[in-house]
Structure formats: structure tokens, C-alpha cells
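Peer 1: Below is the file structure.pdb, with PDB, C-alpha atoms and all ligand atoms.
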ATOM      1  CA  MET G   1      18.002  24.519   2.874  1.00  0.00           C
ATOM      2  CA  THR G   2      16.255  27.840   3.308  1.00  0.00           C
ATOM      3  CA  LYS G   3      18.427  30.879   4.148  1.00  0.00           C
ATOM      4  CA  PRO G   4      19.006  31.394   7.867  1.00  0.00           C
ATOM      5  CA  HIS G   5      16.478  33.717   9.471  1.00  0.00           C
ATOM      6  CA  GLN G   6      18.086  36.422  11.575  1.00  0.00           C
ATOM      7  CA  HIS G   7      16.129  35.733  14.761  1.00  0.00           C
ATOM      8  CA  ASP G   8      15.724  31.925  14.746  1.00  0.00           C
ATOM      9  CA  SER G   9      17.417  29.825  17.394  1.00  0.00           C
ATOM     10  CA  PRO G  10      19.327  26.790  15.998  1.00  0.00           C
ATOM     11  CA  VAL G  11      16.410  24.575  17.086  1.00  0.00           C
ATOM     12  CA  LEU G  12      13.819  26.648  15.192  1.00  0.00           C
ATOM     13  CA  GLU G  13      16.093  26.845  12.155  1.00  0.00           C
ATOM     14  CA  ALA G  14      16.473  23.030  12.090  1.00  0.00           C
ATOM     15  CA  ARG G  15      12.685  22.675  12.325  1.00  0.00           C
ATOM     16  CA  ARG G  16      12.138  25.102   9.419  1.00  0.00           C
ATOM     17  CA  ASN G  17      14.590  23.146   7.273  1.00  0.00           C
ATOM     18  CA  LYS G  18      12.716  19.818   7.757  1.00  0.00           C
ATOM     19  CA  LEU G  19      11.034  18.464   4.630  1.00  0.00           C
ATOM     20  CA  ALA G  20       7.295  17.828   4.824  1.00  0.00           C
ATOM     21  CA  PRO G  21       6.458  14.101   4.966  1.00  0.00           C
ATOM     22  CA  PRO G  22       5.363  12.755   1.559  1.00  0.00           C
ATOM     23  CA  PRO G  23       1.609  12.380   0.934  1.00  0.00           C
ATOM     24  CA  LEU G  24       0.472   8.800   1.579  1.00  0.00           C
ATOM     25  CA  TYR G  25      -1.647   6.525  -0.589  1.00  0.00           C
ATOM     26  CA  THR G  26      -3.638   3.486   0.524  1.00  0.00           C
ATOM     27  CA  VAL G  27      -3.314   0.257  -1.472  1.00  0.00           C
ATOM     28  CA  VAL G  28      -6.666  -1.558  -1.523  1.00  0.00           C
ATOM     29  CA  LEU G  29      -7.564  -5.083  -2.660  1.00  0.00           C
ATOM     30  CA  LEU G  30     -11.048  -5.637  -4.174  1.00  0.00           C
ATOM     31  CA  ASN G  31     -13.157  -8.781  -3.998  1.00  0.00           C
ATOM     32  CA  ASP G  32     -14.182 -10.854  -7.020  1.00  0.00           C
ATOM     33  CA  ASP G  33     -15.910 -14.218  -7.436  1.00  0.00           C
ATOM     34  CA  PHE G  34     -13.052 -16.066  -9.175  1.00  0.00           C
ATOM     35  CA  THR G  35      -9.621 -15.477  -7.610  1.00  0.00           C
ATOM     36  CA  PRO G  36      -8.827 -18.414  -5.263  1.00  0.00           C
ATOM     37  CA  MET G  37      -8.536 -17.516  -1.586  1.00  0.00           C
ATOM     38  CA  ASP G  38      -5.104 -19.133  -1.248  1.00  0.00           C
ATOM     39  CA  PHE G  39      -3.806 -17.051  -4.168  1.00  0.00           C
ATOM     40  CA  VAL G  40      -4.910 -13.834  -2.414  1.00  0.00           C
ATOM     41  CA  VAL G  41      -3.206 -14.965   0.812  1.00  0.00           C
ATOM     42  CA  HIS G  42      -0.028 -15.667  -1.194  1.00  0.00           C
ATOM     43  CA  VAL G  43      -0.173 -12.179  -2.791  1.00  0.00           C
ATOM     44  CA  LEU G  44      -0.508 -10.473   0.597  1.00  0.00           C
ATOM     45  CA  GLN G  45       2.481 -12.423   1.966  1.00  0.00           C
ATOM     46  CA  LYS G  46       4.627 -11.911  -1.149  1.00  0.00           C
ATOM     47  CA  PHE G  47       4.051  -8.192  -1.845  1.00  0.00           C
ATOM     48  CA  PHE G  48       3.018  -6.802   1.556  1.00  0.00           C
ATOM     49  CA  SER G  49       5.286  -8.881   3.843  1.00  0.00           C
ATOM     50  CA  MET G  50       2.349 -10.161   5.904  1.00  0.00           C
ATOM     51  CA  SER G  51       2.402 -13.330   8.005  1.00  0.00           C
ATOM     52  CA  ARG G  52       0.107 -16.152   6.850  1.00  0.00           C
ATOM     53  CA  GLU G  53      -2.279 -15.308   9.723  1.00  0.00           C
ATOM     54  CA  GLN G  54      -2.371 -11.577   8.934  1.00  0.00           C
ATOM     55  CA  ALA G  55      -2.801 -12.282   5.195  1.00  0.00           C
ATOM     56  CA  THR G  56      -5.671 -14.709   5.867  1.00  0.00           C
ATOM     57  CA  GLN G  57      -7.422 -12.104   8.031  1.00  0.00           C
ATOM     58  CA  ILE G  58      -7.204  -9.416   5.306  1.00  0.00           C
ATOM     59  CA  MET G  59      -8.240 -11.868   2.554  1.00  0.00           C
ATOM     60  CA  LEU G  60     -11.359 -12.839   4.555  1.00  0.00           C
ATOM     61  CA  LYS G  61     -12.165  -9.173   5.196  1.00  0.00           C
ATOM     62  CA  VAL G  62     -12.019  -8.479   1.442  1.00  0.00           C
ATOM     63  CA  HIS G  63     -14.098 -11.607   0.717  1.00  0.00           C
ATOM     64  CA  LEU G  64     -16.808 -10.612   3.221  1.00  0.00           C
ATOM     65  CA  GLU G  65     -16.812  -6.803   2.927  1.00  0.00           C
ATOM     66  CA  GLY G  66     -15.751  -6.247  -0.701  1.00  0.00           C
ATOM     67  CA  ARG G  67     -12.473  -4.457  -0.041  1.00  0.00           C
ATOM     68  CA  GLY G  68      -9.543  -4.316   2.379  1.00  0.00           C
ATOM     69  CA  VAL G  69      -6.461  -2.199   3.027  1.00  0.00           C
ATOM     70  CA  CYS G  70      -3.077  -3.805   2.233  1.00  0.00           C
ATOM     71  CA  GLY G  71      -0.981  -0.862   3.430  1.00  0.00           C
ATOM     72  CA  THR G  72      -0.237   2.865   3.172  1.00  0.00           C
ATOM     73  CA  TYR G  73       2.822   4.151   1.267  1.00  0.00           C
ATOM     74  CA  PRO G  74       4.338   7.129  -0.561  1.00  0.00           C
ATOM     75  CA  ARG G  75       2.960   7.432  -4.109  1.00  0.00           C
ATOM     76  CA  ASP G  76       5.773   5.684  -6.022  1.00  0.00           C
ATOM     77  CA  VAL G  77       5.813   2.713  -3.606  1.00  0.00           C
ATOM     78  CA  ALA G  78       1.995   2.373  -3.725  1.00  0.00           C
ATOM     79  CA  ASP G  79       2.072   2.610  -7.532  1.00  0.00           C
ATOM     80  CA  THR G  80       4.748  -0.108  -7.764  1.00  0.00           C
ATOM     81  CA  LYS G  81       2.795  -2.459  -5.452  1.00  0.00           C
ATOM     82  CA  VAL G  82      -0.414  -2.014  -7.497  1.00  0.00           C
ATOM     83  CA  LYS G  83       1.500  -2.851 -10.704  1.00  0.00           C
ATOM     84  CA  GLN G  84       3.298  -5.848  -9.146  1.00  0.00           C
ATOM     85  CA  VAL G  85       0.026  -7.328  -7.810  1.00  0.00           C
ATOM     86  CA  SER G  86      -1.854  -6.665 -11.070  1.00  0.00           C
ATOM     87  CA  ASN G  87       0.925  -8.209 -13.216  1.00  0.00           C
ATOM     88  CA  PHE G  88       1.232 -11.244 -10.925  1.00  0.00           C
ATOM     89  CA  ALA G  89      -2.562 -11.789 -10.979  1.00  0.00           C
ATOM     90  CA  ARG G  90      -2.677 -11.518 -14.783  1.00  0.00           C
ATOM     91  CA  GLU G  91       0.305 -13.877 -15.194  1.00  0.00           C
ATOM     92  CA  ASN G  92      -1.709 -16.426 -13.212  1.00  0.00           C
ATOM     93  CA  GLN G  93      -4.982 -15.746 -15.125  1.00  0.00           C
ATOM     94  CA  HIS G  94      -6.823 -14.313 -12.105  1.00  0.00           C
ATOM     95  CA  PRO G  95      -9.003 -11.160 -12.244  1.00  0.00           C
ATOM     96  CA  LEU G  96      -7.814  -9.900  -8.819  1.00  0.00           C
ATOM     97  CA  ALA G  97      -8.047  -6.086  -8.677  1.00  0.00           C
ATOM     98  CA  CYS G  98      -5.715  -3.861  -6.657  1.00  0.00           C
ATOM     99  CA  ILE G  99      -6.059  -0.059  -6.567  1.00  0.00           C
ATOM    100  CA  MET G 100      -4.537   2.929  -4.775  1.00  0.00           C
ATOM    101  CA  GLU G 101      -6.427   5.803  -3.151  1.00  0.00           C
ATOM    102  CA  GLY G 102      -5.164   9.209  -2.097  1.00  0.00           C
ATOM    103  CA  ASN G 103      -5.637  10.181   1.571  1.00  0.00           C
TER     104      ASN G 103
HETATM  105  N1  LIG Y   1     -14.147 -14.105  -3.268  1.00  0.00           N
HETATM  106  C1  LIG Y   1     -13.044 -14.989  -3.648  1.00  0.00           C
HETATM  107  C2  LIG Y   1     -13.509 -16.423  -3.573  1.00  0.00           C
HETATM  108  O1  LIG Y   1     -14.558 -16.723  -3.025  1.00  0.00           O
HETATM  109  C3  LIG Y   1     -11.826 -14.797  -2.743  1.00  0.00           C
HETATM  110  C4  LIG Y   1     -11.206 -13.436  -2.865  1.00  0.00           C
HETATM  111  C5  LIG Y   1     -10.787 -12.766  -1.725  1.00  0.00           C
HETATM  112  C6  LIG Y   1     -11.020 -12.838  -4.107  1.00  0.00           C
HETATM  113  C7  LIG Y   1     -10.180 -11.517  -1.810  1.00  0.00           C
HETATM  114  C8  LIG Y   1     -10.404 -11.575  -4.203  1.00  0.00           C
HETATM  115  O2  LIG Y   1      -9.361  -9.704  -3.151  1.00  0.00           O
HETATM  116  C9  LIG Y   1      -9.984 -10.928  -3.054  1.00  0.00           C
HETATM  117  N2  LIG Y   1     -12.719 -17.354  -4.133  1.00  0.00           N
END
If you convert what's in this file into C-alpha cells, what do you get?

Peer 2:
Amino acid sequence: MTKPHQHDSPVLEARRNKLAPPPLYTVVLLNDDFTPMDFVVHVLQKFFSMSREQATQIMLKVHLEGRGVCGTYPRDVADTKVKQVSNFARENQHPLACIMEGN
């Protein structure tokens, strides 16, 4: 908390004491020629809580356009998702690439 300012109303003081929202990072999936489509759909459902329909839509977007957004998160959450996806892909011998980008 900052120290109370002499002339602030309680409403203005509460507003001043609010924390800024954390900077957000976009998690992006990249296309490749080898990762099976159903594996990508599974990844989007498992790590990004998408429905099968939503996951299929994003997978096809990545397949056709080269990249697609999985979601937008604070830095530590985005970083964890990138690592989880990358580890899971490697465990299954797929080259699937997942990156994060600052906004
Ligand atoms: N291009 C892949 C294929 O034809 C499918 C794919 C989609 C791979 C999305 C990666 O992020 C990806 N099997």
C-alpha cells in the first residue's frame, strides 16, 4: 500500500492502491510436416483446456497458416505451458514447436 494522500477520497485512494495487471504473453503453436494432426488436437485439449472442436479448429489453422494462438497468460503460466507442451512432444518423439511472445 502507498501512504494515504491528504486530499484523496476513499475511492481515489483505493484506485491508487490497485496493482497493475501483469504483462501478458501469447503462447503460439508452429506448424511442421511430421507431428500427427490428432496429436496436436490432443495437446490443445490437454494443456489448453479446449474442446475437441475448438482444438481441431486451431490445429487446422496452424496446419494451413503456419502458426496459431493457443492462449494468452501471465509470463510464468505461459512459460510453464511452453515447457509442458515441448516436454510432452519430445516424450512422444514429435518435433512440435511451441513458443511464447511478449505483447
Ligand atoms: N502439418 C502437420 C501434418 O500435416 C499437422 C500439424 C498441425 C503439425 C499443427 C503441427 O502445430 C502443428 N501432420

Peer 1: If we count all atoms listed in the file and set the cut-off at 12 Å, which residues sit around range 62-79 of chain G, ignoring sequence neighbours fewer than 4 positions away in its own chain? Please answer as a PyMOL selection string.

Peer 2: chain G and resi 21-38+40-41+43-50+54-58+83-86+96-103

Peer 1: Using all atoms listed in the file for the distances, tell me which of G:Lys81, G:Phe39, G:Phe88, G:Ser51 is nearest to ligand LIG 1 (chain Y).

Peer 2: G:Phe39

Peer 1: Work out how far atom C6 of ligand LIG 1 (chain Y) is from CA of Met59 in chain G, in Å to one decimal.

Peer 2: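 Pair CA of Met59 in chain G / atom C6 of ligand LIG 1 (chain Y) returns 7.3 Å.
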
Peer 1: Tell me, in Å to one decimal, how far CA of Arg90 in chain G is from CA of His42 in chain G.

Peer 2: 14.5 Å

Peer 1: Between atom N1 of ligand LIG 1 (chain Y) and CA of Glu91 in chain G, what is the distance in Å, rounded to a tenth?

Peer 2: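 Taking atom N1 of ligand LIG 1 (chain Y) as the start and CA of Glu91 in chain G as the end point, the length is 18.7 Å.
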
Peer 1: Would you mind telling me which residue in G:Ala89, G:Ala14, G:Leu19, G:Leu60 lies nearest to ligand LIG 1 (chain Y) when using all atoms listed in the file?

Peer 2: G:Leu60

Peer 1: Using all atoms listed in the file, can you tell me which of G:Lys18, G:Thr80, G:His94, G:Ser9 comes closest to ligand LIG 1 (chain Y)?

Peer 2: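 Of the candidates, the smallest distance to ligand LIG 1 (chain Y) is held by G:His94.
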
Peer 1: With distances taken over all atoms listed in the file, which of G:Asn92, G:Lys61, G:Val82, G:Asn87 is nearest to ligand LIG 1 (chain Y)?

Peer 2: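 The closest residue to ligand LIG 1 (chain Y) is G:Lys61.
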